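**Student:** Okay, so here is model-v5.txt, and as you'll see once you scroll down, it has compact mmCIF, N, CA and C atoms and all ligand atoms.
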# COMPACT_ATOMS: atom_id res chain seq x y z
N MET A 1 -22.89 -84.73 -3.78
CA MET A 1 -21.80 -85.11 -4.68
C MET A 1 -22.29 -85.14 -6.13
N THR A 2 -21.54 -84.57 -7.04
CA THR A 2 -21.96 -84.58 -8.45
C THR A 2 -21.65 -85.95 -9.07
N LYS A 3 -22.28 -86.20 -10.20
CA LYS A 3 -22.01 -87.48 -10.89
C LYS A 3 -20.56 -87.56 -11.35
N GLU A 4 -20.01 -86.40 -11.73
CA GLU A 4 -18.60 -86.38 -12.16
C GLU A 4 -17.68 -86.76 -10.99
N GLU A 5 -18.04 -86.30 -9.79
CA GLU A 5 -17.22 -86.65 -8.61
C GLU A 5 -17.33 -88.14 -8.30
N LEU A 6 -18.53 -88.69 -8.47
CA LEU A 6 -18.71 -90.12 -8.21
C LEU A 6 -17.92 -90.94 -9.25
N VAL A 7 -17.95 -90.49 -10.49
CA VAL A 7 -17.16 -91.17 -11.53
C VAL A 7 -15.66 -91.08 -11.21
N ALA A 8 -15.23 -89.93 -10.71
CA ALA A 8 -13.81 -89.77 -10.35
C ALA A 8 -13.42 -90.78 -9.27
N LEU A 9 -14.32 -91.04 -8.33
CA LEU A 9 -14.04 -92.03 -7.29
C LEU A 9 -13.99 -93.44 -7.88
N ALA A 10 -14.83 -93.69 -8.88
CA ALA A 10 -14.81 -95.00 -9.55
C ALA A 10 -13.49 -95.17 -10.32
N ILE A 11 -13.01 -94.10 -10.89
CA ILE A 11 -11.72 -94.15 -11.62
C ILE A 11 -10.58 -94.46 -10.63
N GLU A 12 -10.67 -93.83 -9.46
CA GLU A 12 -9.68 -94.10 -8.41
C GLU A 12 -9.76 -95.56 -7.95
N ALA A 13 -10.99 -96.04 -7.77
CA ALA A 13 -11.22 -97.43 -7.32
C ALA A 13 -10.65 -98.41 -8.33
N ARG A 14 -10.75 -98.06 -9.58
CA ARG A 14 -10.28 -98.92 -10.66
C ARG A 14 -8.80 -99.25 -10.50
N GLU A 15 -8.06 -98.35 -9.87
CA GLU A 15 -6.63 -98.59 -9.64
C GLU A 15 -6.40 -99.82 -8.77
N ARG A 16 -7.43 -100.21 -8.03
CA ARG A 16 -7.28 -101.36 -7.12
C ARG A 16 -7.72 -102.67 -7.76
N SER A 17 -8.10 -102.59 -9.03
CA SER A 17 -8.51 -103.81 -9.74
C SER A 17 -7.39 -104.85 -9.72
N TYR A 18 -7.79 -106.09 -9.53
CA TYR A 18 -6.84 -107.20 -9.68
C TYR A 18 -7.28 -107.96 -10.93
N SER A 19 -6.68 -107.63 -12.05
CA SER A 19 -7.14 -108.20 -13.32
C SER A 19 -5.97 -108.65 -14.19
N PRO A 20 -5.15 -109.60 -13.66
CA PRO A 20 -3.98 -110.04 -14.41
C PRO A 20 -4.33 -110.92 -15.61
N TYR A 21 -5.55 -111.38 -15.70
CA TYR A 21 -5.93 -112.30 -16.79
C TYR A 21 -6.56 -111.54 -17.95
N SER A 22 -7.53 -110.71 -17.65
CA SER A 22 -8.17 -109.97 -18.75
C SER A 22 -7.44 -108.66 -19.06
N HIS A 23 -6.69 -108.16 -18.09
CA HIS A 23 -6.07 -106.83 -18.20
C HIS A 23 -7.12 -105.77 -18.48
N PHE A 24 -8.33 -106.04 -18.02
CA PHE A 24 -9.43 -105.09 -18.20
C PHE A 24 -9.86 -104.64 -16.80
N ALA A 25 -9.35 -103.49 -16.40
CA ALA A 25 -9.63 -102.99 -15.05
C ALA A 25 -10.94 -102.19 -15.04
N VAL A 26 -11.76 -102.49 -14.06
CA VAL A 26 -13.06 -101.81 -13.92
C VAL A 26 -13.14 -101.24 -12.50
N GLY A 27 -13.72 -100.06 -12.40
CA GLY A 27 -13.92 -99.45 -11.08
C GLY A 27 -15.38 -99.07 -10.89
N ALA A 28 -15.80 -99.05 -9.64
CA ALA A 28 -17.18 -98.67 -9.34
C ALA A 28 -17.20 -97.86 -8.06
N ALA A 29 -18.19 -96.99 -7.94
CA ALA A 29 -18.37 -96.22 -6.71
C ALA A 29 -19.86 -96.10 -6.45
N LEU A 30 -20.25 -96.46 -5.23
CA LEU A 30 -21.66 -96.51 -4.84
C LEU A 30 -21.92 -95.46 -3.77
N LEU A 31 -22.78 -94.50 -4.11
CA LEU A 31 -23.08 -93.38 -3.20
C LEU A 31 -24.32 -93.69 -2.36
N CYS A 32 -24.21 -93.45 -1.05
CA CYS A 32 -25.34 -93.69 -0.14
C CYS A 32 -25.93 -92.37 0.35
N ARG A 33 -27.16 -92.47 0.87
CA ARG A 33 -27.88 -91.27 1.36
C ARG A 33 -27.12 -90.52 2.45
N ASP A 34 -26.38 -91.25 3.27
CA ASP A 34 -25.63 -90.60 4.36
C ASP A 34 -24.32 -89.99 3.87
N GLY A 35 -24.10 -90.02 2.55
CA GLY A 35 -22.91 -89.40 1.97
C GLY A 35 -21.72 -90.34 1.85
N SER A 36 -21.86 -91.54 2.42
CA SER A 36 -20.74 -92.47 2.31
C SER A 36 -20.68 -93.04 0.90
N VAL A 37 -19.48 -93.42 0.51
CA VAL A 37 -19.26 -94.00 -0.82
C VAL A 37 -18.51 -95.32 -0.64
N TYR A 38 -19.03 -96.36 -1.25
CA TYR A 38 -18.36 -97.67 -1.22
C TYR A 38 -17.78 -97.91 -2.60
N ILE A 39 -16.51 -98.30 -2.60
CA ILE A 39 -15.86 -98.52 -3.89
C ILE A 39 -15.81 -100.01 -4.22
N GLY A 40 -15.59 -100.27 -5.49
CA GLY A 40 -15.44 -101.64 -5.95
C GLY A 40 -14.51 -101.67 -7.14
N ALA A 41 -13.88 -102.80 -7.34
CA ALA A 41 -13.06 -103.03 -8.53
C ALA A 41 -13.15 -104.52 -8.84
N ASN A 42 -12.90 -104.87 -10.08
CA ASN A 42 -12.98 -106.29 -10.41
C ASN A 42 -11.79 -107.05 -9.83
N ILE A 43 -12.07 -108.25 -9.34
CA ILE A 43 -11.05 -109.11 -8.73
C ILE A 43 -11.12 -110.47 -9.42
N GLU A 44 -10.03 -110.77 -10.12
CA GLU A 44 -10.03 -111.99 -10.95
C GLU A 44 -9.35 -113.15 -10.24
N ASN A 45 -9.46 -114.32 -10.88
CA ASN A 45 -8.86 -115.53 -10.33
C ASN A 45 -8.44 -116.42 -11.49
N ALA A 46 -7.39 -117.23 -11.26
CA ALA A 46 -6.91 -118.15 -12.29
C ALA A 46 -8.03 -119.12 -12.70
N SER A 47 -8.93 -119.37 -11.79
CA SER A 47 -10.14 -120.13 -12.13
C SER A 47 -11.16 -119.09 -12.60
N TYR A 48 -11.17 -118.84 -13.90
CA TYR A 48 -11.84 -117.67 -14.47
C TYR A 48 -13.28 -117.40 -14.00
N PRO A 49 -14.10 -118.45 -13.85
CA PRO A 49 -15.48 -118.14 -13.46
C PRO A 49 -15.60 -117.50 -12.07
N LEU A 50 -14.52 -117.53 -11.32
CA LEU A 50 -14.56 -116.93 -9.99
C LEU A 50 -14.32 -115.42 -10.02
N CYS A 51 -14.05 -114.86 -11.18
CA CYS A 51 -13.82 -113.42 -11.29
C CYS A 51 -15.06 -112.67 -10.79
N MET A 52 -14.79 -111.61 -10.06
CA MET A 52 -15.89 -110.82 -9.52
C MET A 52 -15.84 -109.40 -10.09
N CYS A 53 -16.98 -108.90 -10.53
CA CYS A 53 -17.05 -107.59 -11.16
C CYS A 53 -16.97 -106.44 -10.15
N ALA A 54 -16.59 -105.29 -10.67
CA ALA A 54 -16.46 -104.08 -9.86
C ALA A 54 -17.79 -103.67 -9.23
N GLU A 55 -18.85 -103.73 -10.00
CA GLU A 55 -20.16 -103.30 -9.49
C GLU A 55 -20.58 -104.13 -8.29
N ARG A 56 -20.33 -105.44 -8.41
CA ARG A 56 -20.75 -106.32 -7.31
C ARG A 56 -19.84 -106.18 -6.11
N THR A 57 -18.56 -105.95 -6.31
CA THR A 57 -17.70 -105.78 -5.11
C THR A 57 -18.13 -104.51 -4.36
N ALA A 58 -18.49 -103.46 -5.10
CA ALA A 58 -18.95 -102.23 -4.43
C ALA A 58 -20.24 -102.48 -3.65
N LEU A 59 -21.16 -103.15 -4.31
CA LEU A 59 -22.47 -103.43 -3.69
C LEU A 59 -22.31 -104.32 -2.46
N TYR A 60 -21.51 -105.36 -2.59
CA TYR A 60 -21.32 -106.29 -1.46
C TYR A 60 -20.55 -105.63 -0.33
N ASN A 61 -19.63 -104.77 -0.70
CA ASN A 61 -18.88 -103.99 0.29
C ASN A 61 -19.88 -103.19 1.14
N ALA A 62 -20.83 -102.54 0.49
CA ALA A 62 -21.83 -101.72 1.20
C ALA A 62 -22.75 -102.59 2.06
N LEU A 63 -23.20 -103.70 1.50
CA LEU A 63 -24.12 -104.58 2.24
C LEU A 63 -23.43 -105.13 3.49
N LEU A 64 -22.17 -105.50 3.34
CA LEU A 64 -21.45 -106.05 4.48
C LEU A 64 -21.21 -105.00 5.56
N ASP A 65 -21.30 -103.74 5.18
CA ASP A 65 -21.13 -102.66 6.15
C ASP A 65 -22.48 -102.22 6.72
N GLY A 66 -23.53 -102.98 6.40
CA GLY A 66 -24.84 -102.70 7.01
C GLY A 66 -25.79 -101.87 6.16
N LYS A 67 -25.38 -101.51 4.96
CA LYS A 67 -26.25 -100.73 4.09
C LYS A 67 -27.25 -101.65 3.38
N ALA A 68 -28.36 -101.05 2.94
CA ALA A 68 -29.38 -101.83 2.23
C ALA A 68 -29.91 -101.00 1.06
N GLN A 69 -30.74 -101.65 0.24
CA GLN A 69 -31.24 -101.03 -0.99
C GLN A 69 -31.68 -99.57 -0.80
N GLU A 70 -32.44 -99.33 0.29
CA GLU A 70 -33.00 -97.98 0.48
C GLU A 70 -31.93 -96.93 0.80
N ASP A 71 -30.73 -97.37 1.10
CA ASP A 71 -29.64 -96.43 1.38
C ASP A 71 -28.92 -95.97 0.12
N PHE A 72 -29.15 -96.65 -0.99
CA PHE A 72 -28.34 -96.38 -2.17
C PHE A 72 -28.92 -95.26 -3.03
N LEU A 73 -28.06 -94.32 -3.41
CA LEU A 73 -28.49 -93.17 -4.22
C LEU A 73 -28.05 -93.27 -5.66
N ALA A 74 -26.84 -93.74 -5.89
CA ALA A 74 -26.30 -93.76 -7.26
C ALA A 74 -25.08 -94.67 -7.33
N LEU A 75 -24.83 -95.15 -8.54
CA LEU A 75 -23.68 -96.03 -8.77
C LEU A 75 -22.96 -95.56 -10.03
N ALA A 76 -21.64 -95.51 -9.95
CA ALA A 76 -20.85 -95.19 -11.15
C ALA A 76 -19.97 -96.38 -11.49
N VAL A 77 -19.84 -96.66 -12.77
CA VAL A 77 -18.96 -97.76 -13.22
C VAL A 77 -18.11 -97.24 -14.37
N VAL A 78 -16.84 -97.60 -14.34
CA VAL A 78 -15.93 -97.05 -15.35
C VAL A 78 -14.85 -98.05 -15.72
N ALA A 79 -14.49 -98.03 -17.00
CA ALA A 79 -13.37 -98.84 -17.50
C ALA A 79 -12.79 -98.08 -18.69
N ASP A 80 -11.72 -98.63 -19.24
CA ASP A 80 -11.09 -97.98 -20.39
C ASP A 80 -11.76 -98.48 -21.67
N THR A 81 -13.00 -98.10 -21.83
CA THR A 81 -13.79 -98.54 -22.98
C THR A 81 -13.93 -97.37 -23.97
N GLU A 82 -14.35 -97.70 -25.18
CA GLU A 82 -14.50 -96.64 -26.18
C GLU A 82 -15.66 -95.72 -25.82
N GLY A 83 -16.77 -96.34 -25.46
CA GLY A 83 -17.94 -95.57 -25.01
C GLY A 83 -18.15 -95.82 -23.53
N PRO A 84 -19.33 -95.47 -23.03
CA PRO A 84 -19.62 -95.69 -21.61
C PRO A 84 -19.57 -97.18 -21.26
N THR A 85 -19.02 -97.51 -20.09
CA THR A 85 -18.89 -98.91 -19.67
C THR A 85 -20.24 -99.46 -19.21
N SER A 86 -20.62 -100.56 -19.83
CA SER A 86 -21.94 -101.13 -19.57
C SER A 86 -21.84 -102.32 -18.61
N PRO A 87 -22.63 -102.34 -17.54
CA PRO A 87 -22.59 -103.47 -16.60
C PRO A 87 -22.97 -104.78 -17.28
N CYS A 88 -22.29 -105.86 -16.90
CA CYS A 88 -22.56 -107.17 -17.51
C CYS A 88 -23.91 -107.70 -17.04
N GLY A 89 -24.34 -108.76 -17.66
CA GLY A 89 -25.65 -109.34 -17.35
C GLY A 89 -25.76 -109.81 -15.91
N ALA A 90 -24.69 -110.42 -15.40
CA ALA A 90 -24.73 -110.92 -14.02
C ALA A 90 -24.91 -109.75 -13.05
N CYS A 91 -24.18 -108.66 -13.31
CA CYS A 91 -24.32 -107.49 -12.43
C CYS A 91 -25.71 -106.88 -12.54
N ARG A 92 -26.26 -106.89 -13.72
CA ARG A 92 -27.62 -106.36 -13.89
C ARG A 92 -28.61 -107.14 -13.04
N GLN A 93 -28.44 -108.47 -13.04
CA GLN A 93 -29.33 -109.32 -12.25
C GLN A 93 -29.17 -109.03 -10.76
N VAL A 94 -27.93 -108.93 -10.31
CA VAL A 94 -27.68 -108.67 -8.88
C VAL A 94 -28.19 -107.27 -8.51
N LEU A 95 -27.92 -106.30 -9.37
CA LEU A 95 -28.41 -104.94 -9.10
C LEU A 95 -29.93 -104.91 -9.05
N SER A 96 -30.57 -105.72 -9.87
CA SER A 96 -32.04 -105.69 -9.92
C SER A 96 -32.64 -106.15 -8.58
N GLU A 97 -31.89 -106.91 -7.82
CA GLU A 97 -32.39 -107.36 -6.51
C GLU A 97 -31.95 -106.42 -5.38
N LEU A 98 -30.81 -105.76 -5.54
CA LEU A 98 -30.22 -105.06 -4.39
C LEU A 98 -30.10 -103.54 -4.55
N PHE A 99 -30.40 -103.02 -5.73
CA PHE A 99 -30.22 -101.59 -5.99
C PHE A 99 -31.58 -101.00 -6.41
N PRO A 100 -31.89 -99.78 -6.00
CA PRO A 100 -33.20 -99.20 -6.36
C PRO A 100 -33.40 -99.15 -7.88
N PRO A 101 -34.55 -99.61 -8.37
CA PRO A 101 -34.77 -99.74 -9.82
C PRO A 101 -34.63 -98.46 -10.63
N GLU A 102 -34.96 -97.32 -10.01
CA GLU A 102 -34.91 -96.06 -10.77
C GLU A 102 -33.71 -95.18 -10.40
N ALA A 103 -32.88 -95.63 -9.48
CA ALA A 103 -31.74 -94.78 -9.06
C ALA A 103 -30.71 -94.70 -10.19
N PRO A 104 -30.03 -93.56 -10.32
CA PRO A 104 -29.10 -93.39 -11.43
C PRO A 104 -27.88 -94.32 -11.36
N ILE A 105 -27.58 -94.88 -12.53
CA ILE A 105 -26.35 -95.64 -12.72
C ILE A 105 -25.58 -94.88 -13.80
N TYR A 106 -24.38 -94.43 -13.46
CA TYR A 106 -23.58 -93.66 -14.41
C TYR A 106 -22.56 -94.58 -15.06
N MET A 107 -22.71 -94.76 -16.34
CA MET A 107 -21.77 -95.57 -17.12
C MET A 107 -20.77 -94.59 -17.73
N ALA A 108 -19.50 -94.81 -17.42
CA ALA A 108 -18.50 -93.83 -17.84
C ALA A 108 -17.30 -94.52 -18.47
N ASN A 109 -16.40 -93.73 -19.00
CA ASN A 109 -15.10 -94.27 -19.42
C ASN A 109 -14.01 -93.29 -19.00
N LEU A 110 -12.78 -93.56 -19.42
CA LEU A 110 -11.68 -92.72 -18.96
C LEU A 110 -11.53 -91.43 -19.76
N SER A 111 -12.30 -91.34 -20.86
CA SER A 111 -12.15 -90.15 -21.71
C SER A 111 -13.32 -89.17 -21.57
N GLY A 112 -14.09 -89.33 -20.51
CA GLY A 112 -15.13 -88.35 -20.25
C GLY A 112 -16.53 -88.73 -20.69
N ALA A 113 -16.70 -89.90 -21.32
CA ALA A 113 -18.06 -90.32 -21.67
C ALA A 113 -18.83 -90.60 -20.38
N LEU A 114 -20.08 -90.22 -20.36
CA LEU A 114 -20.89 -90.42 -19.15
C LEU A 114 -22.36 -90.56 -19.59
N GLN A 115 -22.89 -91.73 -19.39
CA GLN A 115 -24.29 -91.96 -19.77
C GLN A 115 -25.05 -92.45 -18.55
N GLU A 116 -26.20 -91.82 -18.31
CA GLU A 116 -27.00 -92.21 -17.15
C GLU A 116 -28.06 -93.23 -17.55
N THR A 117 -28.22 -94.26 -16.71
CA THR A 117 -29.28 -95.23 -16.91
C THR A 117 -29.78 -95.66 -15.54
N CYS A 118 -30.55 -96.75 -15.48
CA CYS A 118 -31.02 -97.27 -14.19
C CYS A 118 -31.28 -98.76 -14.38
N VAL A 119 -31.46 -99.47 -13.28
CA VAL A 119 -31.65 -100.92 -13.35
C VAL A 119 -32.87 -101.27 -14.20
N HIS A 120 -33.92 -100.48 -14.02
CA HIS A 120 -35.15 -100.75 -14.75
C HIS A 120 -34.92 -100.74 -16.27
N GLU A 121 -34.04 -99.85 -16.70
CA GLU A 121 -33.70 -99.78 -18.13
C GLU A 121 -32.74 -100.90 -18.53
N LEU A 122 -31.80 -101.20 -17.62
CA LEU A 122 -30.77 -102.19 -17.96
C LEU A 122 -31.32 -103.61 -17.99
N LEU A 123 -32.33 -103.88 -17.14
CA LEU A 123 -32.85 -105.25 -17.07
C LEU A 123 -34.36 -105.25 -16.90
N PRO A 124 -35.08 -104.91 -17.97
CA PRO A 124 -36.53 -104.97 -17.88
C PRO A 124 -36.98 -106.43 -17.75
N PHE A 125 -38.11 -106.64 -17.16
CA PHE A 125 -38.67 -107.99 -16.98
C PHE A 125 -37.72 -108.90 -16.19
N ALA A 126 -37.04 -108.32 -15.20
CA ALA A 126 -36.07 -109.10 -14.43
C ALA A 126 -36.73 -110.25 -13.70
N PHE A 127 -36.00 -111.33 -13.61
CA PHE A 127 -36.41 -112.46 -12.77
C PHE A 127 -36.13 -112.07 -11.33
N ASP A 128 -37.11 -112.28 -10.43
CA ASP A 128 -36.83 -111.95 -9.02
C ASP A 128 -37.47 -112.97 -8.08
N GLY A 129 -37.31 -112.72 -6.80
CA GLY A 129 -37.77 -113.65 -5.79
C GLY A 129 -39.25 -113.99 -5.89
N GLU A 130 -40.03 -113.04 -6.42
CA GLU A 130 -41.47 -113.26 -6.59
C GLU A 130 -41.76 -114.36 -7.60
N ASP A 131 -40.80 -114.62 -8.47
CA ASP A 131 -41.00 -115.64 -9.50
C ASP A 131 -40.77 -117.05 -8.98
N LEU A 132 -40.22 -117.16 -7.77
CA LEU A 132 -39.91 -118.50 -7.27
C LEU A 132 -41.15 -119.20 -6.71
N1 LIG A 201 -16.17 -106.75 -15.46
C1 LIG A 201 -16.62 -105.92 -14.47
O1 LIG A 201 -15.94 -105.69 -13.47
N2 LIG A 201 -17.85 -105.35 -14.64
C2 LIG A 201 -18.65 -105.55 -15.71
O2 LIG A 201 -19.80 -105.14 -15.71
C3 LIG A 201 -18.10 -106.22 -16.89
C4 LIG A 201 -16.93 -107.08 -16.65
C5 LIG A 201 -14.87 -107.39 -15.29
C6 LIG A 201 -14.93 -108.88 -15.08
C7 LIG A 201 -13.56 -109.33 -15.56
O3 LIG A 201 -12.65 -109.20 -14.48
C8 LIG A 201 -13.20 -108.30 -16.62
O4 LIG A 201 -14.07 -107.19 -16.42
C9 LIG A 201 -13.32 -108.81 -18.05
O5 LIG A 201 -14.59 -109.33 -18.27
Reformat the file's structure so that it appears as structure tokens.
Ligand code: THU
**Tutor:**
Amino acid sequence: MTKEELVALAIEARERSYSPYSHFAVGAALLCRDGSVYIGANIENASYPLCMCAERTALYNALLDGKAQEDFLALAVVADTEGPTSPCGACRQVLSELFPPEAPIYMANLSGALQETCVHELLPFAFDGEDL
């Protein structure tokens, strides 16, 4: 699957966002080695801190289906942003524990912007289980 195809799936996933408070819909698509793709979208709540990001819903969706870090090949995230959509700090922390550090993360928007990065770039010097 090309990165453009993965971004297209993230754009489709974004349609499922439940974001009545921020009106900021985000979509994500997580590609696995076996070719399966897990989608995610942000899901908000009137109790704002309970809002869940698209990247994490995709990741948790995959984990709950039995996938693990070594199964993940790439992640795409997209929103209606001016430039490429950048994962928030909380998602960076979660990705640093559950997503391969060098695997591609495609930050995209609805107008064709597409920038590739990885967890290692997004969150250098991450806090992890070894620090406990
Ligand atoms: N959001 C995501 O889904 N991913 C991010 O990386 C940034 C923020 C969501 C959370 C909330 O529902 C809305 O975007 C506004 O912050």
**Student:** Can you tell me how far atom C5 of ligand LIG 201 (chain A) sits from CA of Thr57 in chain A, in Å to one decimal?
**Tutor:**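 Distance between the two atoms: 10.7 Å.
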**Student:** Please run DSSP on the backbone and report, as a PyMOL selection string, all residues within chain A that come out as strand (DSSP E).
**Tutor:** chain A and resi 26-32+37-41+72-79+105-109+114-117
**Student:** Closest to ligand LIG 201 (chain A) among A:Ala90, A:Cys118, A:Leu110, A:Leu30, using all atoms listed in the file?
**Tutor:**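 For ligand LIG 201 (chain A), the nearest of the candidates is A:Ala90.
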**Student:** Taking only residues of chain A that have an atom at most 8 Å from an atom of ligand LIG 201 (chain A), what is each one's shortest atom pair and its distance in Å to one decimal, using all atoms listed in the file, in chain and number order, as JSON lines?
**Tutor:**
{"residue": "A:Tyr18", "atom": "C", "partner": "A:LIG201", "partner_atom": "O3", "distance": 6.6}
{"residue": "A:Ser19", "atom": "CA", "partner": "A:LIG201", "partner_atom": "O3", "distance": 5.7}
{"residue": "A:Pro20", "atom": "N", "partner": "A:LIG201", "partner_atom": "O3", "distance": 7.6}
{"residue": "A:Tyr21", "atom": "C", "partner": "A:LIG201", "partner_atom": "C9", "distance": 7.3}
{"residue": "A:Ser22", "atom": "CA", "partner": "A:LIG201", "partner_atom": "C9", "distance": 5.3}
{"residue": "A:His23", "atom": "N", "partner": "A:LIG201", "partner_atom": "C9", "distance": 6.7}
{"residue": "A:Phe24", "atom": "C", "partner": "A:LIG201", "partner_atom": "O4", "distance": 4.9}
{"residue": "A:Ala25", "atom": "N", "partner": "A:LIG201", "partner_atom": "O4", "distance": 6.0}
{"residue": "A:Val26", "atom": "CA", "partner": "A:LIG201", "partner_atom": "O1", "distance": 4.9}
{"residue": "A:Gly27", "atom": "N", "partner": "A:LIG201", "partner_atom": "O1", "distance": 6.1}
{"residue": "A:Ala28", "atom": "N", "partner": "A:LIG201", "partner_atom": "O1", "distance": 7.7}
{"residue": "A:Gly40", "atom": "C", "partner": "A:LIG201", "partner_atom": "O1", "distance": 7.6}
{"residue": "A:Ala41", "atom": "C", "partner": "A:LIG201", "partner_atom": "O1", "distance": 5.5}
{"residue": "A:Asn42", "atom": "CA", "partner": "A:LIG201", "partner_atom": "O1", "distance": 4.3}
{"residue": "A:Ile43", "atom": "N", "partner": "A:LIG201", "partner_atom": "O3", "distance": 5.3}
{"residue": "A:Glu44", "atom": "CA", "partner": "A:LIG201", "partner_atom": "O3", "distance": 5.2}
{"residue": "A:Asn45", "atom": "N", "partner": "A:LIG201", "partner_atom": "O3", "distance": 7.0}
{"residue": "A:Leu50", "atom": "C", "partner": "A:LIG201", "partner_atom": "O3", "distance": 7.8}
{"residue": "A:Cys51", "atom": "CA", "partner": "A:LIG201", "partner_atom": "O3", "distance": 5.4}
{"residue": "A:Met52", "atom": "C", "partner": "A:LIG201", "partner_atom": "O1", "distance": 5.0}
{"residue": "A:Cys53", "atom": "CA", "partner": "A:LIG201", "partner_atom": "O1", "distance": 3.2}
{"residue": "A:Ala54", "atom": "N", "partner": "A:LIG201", "partner_atom": "O1", "distance": 2.9}
{"residue": "A:Glu55", "atom": "N", "partner": "A:LIG201", "partner_atom": "O1", "distance": 4.9}
{"residue": "A:Arg56", "atom": "N", "partner": "A:LIG201", "partner_atom": "O1", "distance": 6.7}
{"residue": "A:Thr57", "atom": "N", "partner": "A:LIG201", "partner_atom": "O1", "distance": 7.6}
{"residue": "A:Val77", "atom": "CA", "partner": "A:LIG201", "partner_atom": "N2", "distance": 7.8}
{"residue": "A:Val78", "atom": "N", "partner": "A:LIG201", "partner_atom": "N2", "distance": 7.8}
{"residue": "A:Thr85", "atom": "C", "partner": "A:LIG201", "partner_atom": "O2", "distance": 6.7}
{"residue": "A:Ser86", "atom": "C", "partner": "A:LIG201", "partner_atom": "O2", "distance": 4.5}
{"residue": "A:Pro87", "atom": "CA", "partner": "A:LIG201", "partner_atom": "O2", "distance": 3.4}
{"residue": "A:Cys88", "atom": "N", "partner": "A:LIG201", "partner_atom": "O2", "distance": 2.9}
{"residue": "A:Gly89", "atom": "N", "partner": "A:LIG201", "partner_atom": "O2", "distance": 6.1}
{"residue": "A:Ala90", "atom": "N", "partner": "A:LIG201", "partner_atom": "O2", "distance": 7.2}
{"residue": "A:Cys91", "atom": "CA", "partner": "A:LIG201", "partner_atom": "O2", "distance": 6.1}
{"residue": "A:Arg92", "atom": "N", "partner": "A:LIG201", "partner_atom": "O2", "distance": 7.0}
**Student:** Atom C of Glu82 in chain A to atom N of Arg33 in chain A: how many Å, to one decimal?
**Tutor:**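 Interatomic distance, atom C of Glu82 in chain A to atom N of Arg33 in chain A: 29.2 Å.
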**Student:** Using only N, CA and C atoms, which residues sit within 8 Å of Asn109 in chain A once same-chain residues fewer than 3 positions away are excluded, as a ChimeraX atom specification?
**Tutor:** /A:7,11,77-85,106,112-115
**Student:** Could you pull the residues within 12 Å of Glu70 in chain A, counting only C-alpha atoms, minus those fewer than 2 positions along the same chain, as an MDAnalysis selection string?
**Tutor:** chainID A and resid 31:34 62:63 66:68 72:74 97:103
